[in-house]
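Each remark here refers to the structure printed beneath this line.
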Amino acid sequence: MTEQGQRWRSFVRAAITLATAAAVYELLARSGYFAPALLPTIPTIVQTLIAMLADGTMIEHAAFTMYRVMFGFCLAVVTGIPLGILMARFQRVENFFLPLVSALMPIPSFALVPLFMLWFGIGNLTTILIVFYAATFPMVFNTWSGVRSVNPLWLRAAGAMGADENKLFWKVIIPGASPFIITGMRQAFLRAWIAVVGAEMIAASDWGLGWVIFDAKEFLNADIMLAALLVIGGIGYAFERLVFGSIERATVQRWGMVRMAKG
Amino acid sequence: MQEAVTTTIAVSAPVPARSGERLRGIWRNIFPFLVVGGIWEIIARAGIFPHRLFPTLEEVAQSFVELTIAGILPHHAIETVLRLLSGFALAAIFGVSIGVLMGRSRRAEDIFLPLVSICAPIPGLAYAPLFLLWFGLGNVSAVLLVGFVSAFPILFNSWTGVKAVKEIWVRSAQSMGADDRRLFSHVILPGALPYILTGLRLGLAQAWRILVAVEMLAAVPWGLGWLIFGAREFLNTDAMLAGIVVIALIGLSLEKLVFQKIEDYTVVRWGMITS
């Protein structure tokens, strides 16, 4: 079978699966076996989603969530990358920070939410700090291992060709570590995305996608919940594919650091 | 490095240089915590923040000991670990079997992949209210949610692992007369195991992260997440911090004791990866 035919067939099968899953869900929802408030039909969900998008509430919620997640994520990148580089380049810094990082890393960020609520109140600051906490560690860890794994041969070759410290850093170490750093950013964003939803649920403020879901639970609005879930999944997916995919193409693939996966 | 410097320390160990180095290693690991603890203590005693919100380390340690002796902390911890293990067991069973199936059969891959790739990018906690609505407050929702969420990394990794088994191994095993069962248990499973273990590790980490939050939301009677959340209502910051310490300890020991051991016994011993 040709590659093209194989792909087409996969596509058809995928479409059939999704259609079947949707049909089963719809049947369950319409059978009246479960309460309609708990299991809304697909048209209801779509209607709710469109209505909320149209009157702008959903967009505003999403904007609040994005603001929090980007703020925390940028903070994490700004602190995590330098710290990771310092840890990899200087033994002393590594000796000091590595035990701290490995001890703090297994604490789930949500465990800190109640504490941060006490310290910083409810609202943006707490959420941003939780996102920051969740996103920093993957950033630090990946940058650290990336810089450490730069091929020493490259360093020596560049040194032999007369590169000074400055050049060595920008032209060899940073590009060499970039696949790891970008993986770190990906992981960090994923963590941040999870953290923001959780933090918004627990440290409920007035806006944000996590809060919408949690608030909808109180009023048994399962359609709003599912609509918000769709938006959350959509944004997460878009970031993963579009943003990080294009960053990867613009940097590491152009520099020839990783090859495209064969598929 | 600095091996020669520490040899003068008189220890009755057989190899003084090594034990000196070990002492130094321990000290090196403890030192940062002492610094951070010192800073914490100074801030707490300086009274910049209200005392209730920023207790001294002594108080945290005291409430830790008190809660442990009273059996409250262990009870919370045991409930949490049980919930974690049952959720994770669900995830491991379903994740590995669906993942392996997807890796082996094109049809299964086409059927499951679209569903999985739609459900996976949604943060696990976002499902929590939905699960609470469908399955009610309490243990069932918590365990199911933890299982559901941590199944994804396991599934993805098993799937990649099975696909990453070298074609040439499969073919050489076949030409040496291995039937399907032997092929599976002697070639594909060991070949995919490093990936599956990575997946299990990621899954457990995910389960752990989600579980704490779920316990806060699902109003379970016992559990560390609930302990922390409940303590907030009464401004018991010391109890909260004690709970966080326990959470950190459990997380660390999961990583160090469980997974590194499993890895040592299986994939490292089989020579699949070097430790």
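All residue names refer to the structure tokens as shown: chains lettered A, B, ... in order, residues numbered from 1 in each chain, ligands numbered from 1 in order.
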Sort by chain and increasing residue number a table of all residues of chain B within 8 Å of chain A, each with its closest pair of atoms and their distance in Å to one decimal, counting only C-alpha atoms, and write it as CSV.
```
residue,atom,partner,partner_atom,distance
B:Arg28,CA,A:Asn95,CA,6.6
B:Asn29,CA,A:Pro99,CA,5.6
B:Ile30,CA,A:Pro99,CA,7.8
B:Phe31,CA,A:Phe96,CA,7.4
B:Pro32,CA,A:Phe96,CA,5.4
B:Phe33,CA,A:Leu100,CA,6.9
B:Leu53,CA,A:Trp119,CA,6.7
B:Asp110,CA,A:Ala14,CA,5.5
B:Ile111,CA,A:Thr17,CA,5.5
B:Phe112,CA,A:Thr17,CA,7.7
B:Leu113,CA,A:Ala14,CA,7.5
B:Pro114,CA,A:Ala14,CA,5.8
B:Leu115,CA,A:Leu18,CA,6.9
B:Ile118,CA,A:Gly233,CA,7.6
B:Cys119,CA,A:Gly233,CA,7.7
B:Pro121,CA,A:Gly233,CA,5.6
B:Ile122,CA,A:Gly233,CA,4.3
B:Pro123,CA,A:Ile194,CA,4.8
B:Gly124,CA,A:Ile194,CA,7.0
B:Leu125,CA,A:Gly198,CA,5.9
B:Ala126,CA,A:Val197,CA,6.4
B:Tyr127,CA,A:Leu229,CA,7.7
B:Pro129,CA,A:Lys217,CA,6.0
B:Leu130,CA,A:Met225,CA,7.2
B:Leu133,CA,A:Leu38,CA,6.8
B:Trp134,CA,A:Leu38,CA,6.8
B:Ala205,CA,A:Pro106,CA,7.9
B:Trp208,CA,A:Pro108,CA,7.3
B:Arg209,CA,A:Pro108,CA,4.7
B:Ile210,CA,A:Pro108,CA,7.8
B:Val212,CA,A:Ala111,CA,6.2
B:Ala213,CA,A:Phe110,CA,5.5
B:Met216,CA,A:Ile202,CA,7.8
B:Leu217,CA,A:Ile202,CA,7.4
B:Gly225,CA,A:Ala111,CA,6.6
B:Ile228,CA,A:Pro114,CA,6.8
B:Phe229,CA,A:Pro114,CA,5.8
B:Arg232,CA,A:Pro114,CA,6.1
B:Leu235,CA,A:Leu118,CA,7.7
B:Thr237,CA,A:Leu115,CA,7.2
B:Met240,CA,A:Leu115,CA,7.1
B:Ile244,CA,A:Ala111,CA,6.6
B:Ile247,CA,A:Ile107,CA,6.3
B:Ala248,CA,A:Ile107,CA,4.9
B:Gly251,CA,A:Pro106,CA,4.9
B:Leu252,CA,A:Pro106,CA,5.9
```
> How would you write, as a ChimeraX atom specification, the set of residues in region 32-247 of chain B that DSSP gives as alpha helix (DSSP H)?
Replying inline: /B:32-46,57-69,72-104,106-119,128-135,139-164,167-175,180-182,189-218,224-233,237-247
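You can rank B:Leu183, B:Glu255, B:Arg52, B:Ile43 by their closest distance to Phe234 (chain B) using only C-alpha atoms, and at the top of that list sits B:Arg52.
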> Just how far from CA of Ser31 (chain A) is CA of Ile98 (chain B), in Å to one decimal?
Replying inline: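 Atom-to-atom, CA of Ile98 (chain B) to CA of Ser31 (chain A), that is 28.8 Å.
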> Skipping near chain neighbours, those fewer than 2 positions away, what residues fall within 7 Å of Val147 (chain A) using only C-alpha atoms, listed as an NGL selection string?
Replying inline: :A and (85 or 88 or 143-145 or 149-150 or 173 or 177)
>> Quick one: residues within 10 Å of Trp40 (chain B), only C-alpha atoms, excluding same-chain residues fewer than 6 positions away - as a count of residues only?
In response: 6
>> Counting only C-alpha atoms, which residue out of B:Ala151, B:Val96, B:Ala142, B:Leu23 sits closest to Ile196 (chain B)?
In response: B:Val96
If we count only C-alpha atoms and set the cut-off at 7 Å, which residues sit around Ala188 (chain A), ignoring sequence neighbours fewer than 4 positions away in its own chain? Please answer as a PDB file with C-alpha atoms, in the first residue's frame.
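Below you can see selection31.pdb, which holds the result:
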```pdb
ATOM      1  CA  ALA A 135       7.206  26.214  35.612  1.00  0.00           C
ATOM      2  CA  THR A 136      10.589  27.075  37.092  1.00  0.00           C
ATOM      3  CA  PRO A 138      11.537  21.990  34.472  1.00  0.00           C
ATOM      4  CA  MET A 139      13.189  25.121  33.099  1.00  0.00           C
ATOM      5  CA  GLY A 184      12.300  22.698  29.102  1.00  0.00           C
ATOM      6  CA  ALA A 192       2.141  26.146  33.938  1.00  0.00           C
TER       7      ALA A 192
END
```
> How far is it from CA of Ala163 (chain A) to CA of Arg89 (chain A), in Å with one decimal?
Replying inline: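 Separating CA of Ala163 (chain A) from CA of Arg89 (chain A) is a distance of 17.2 Å.
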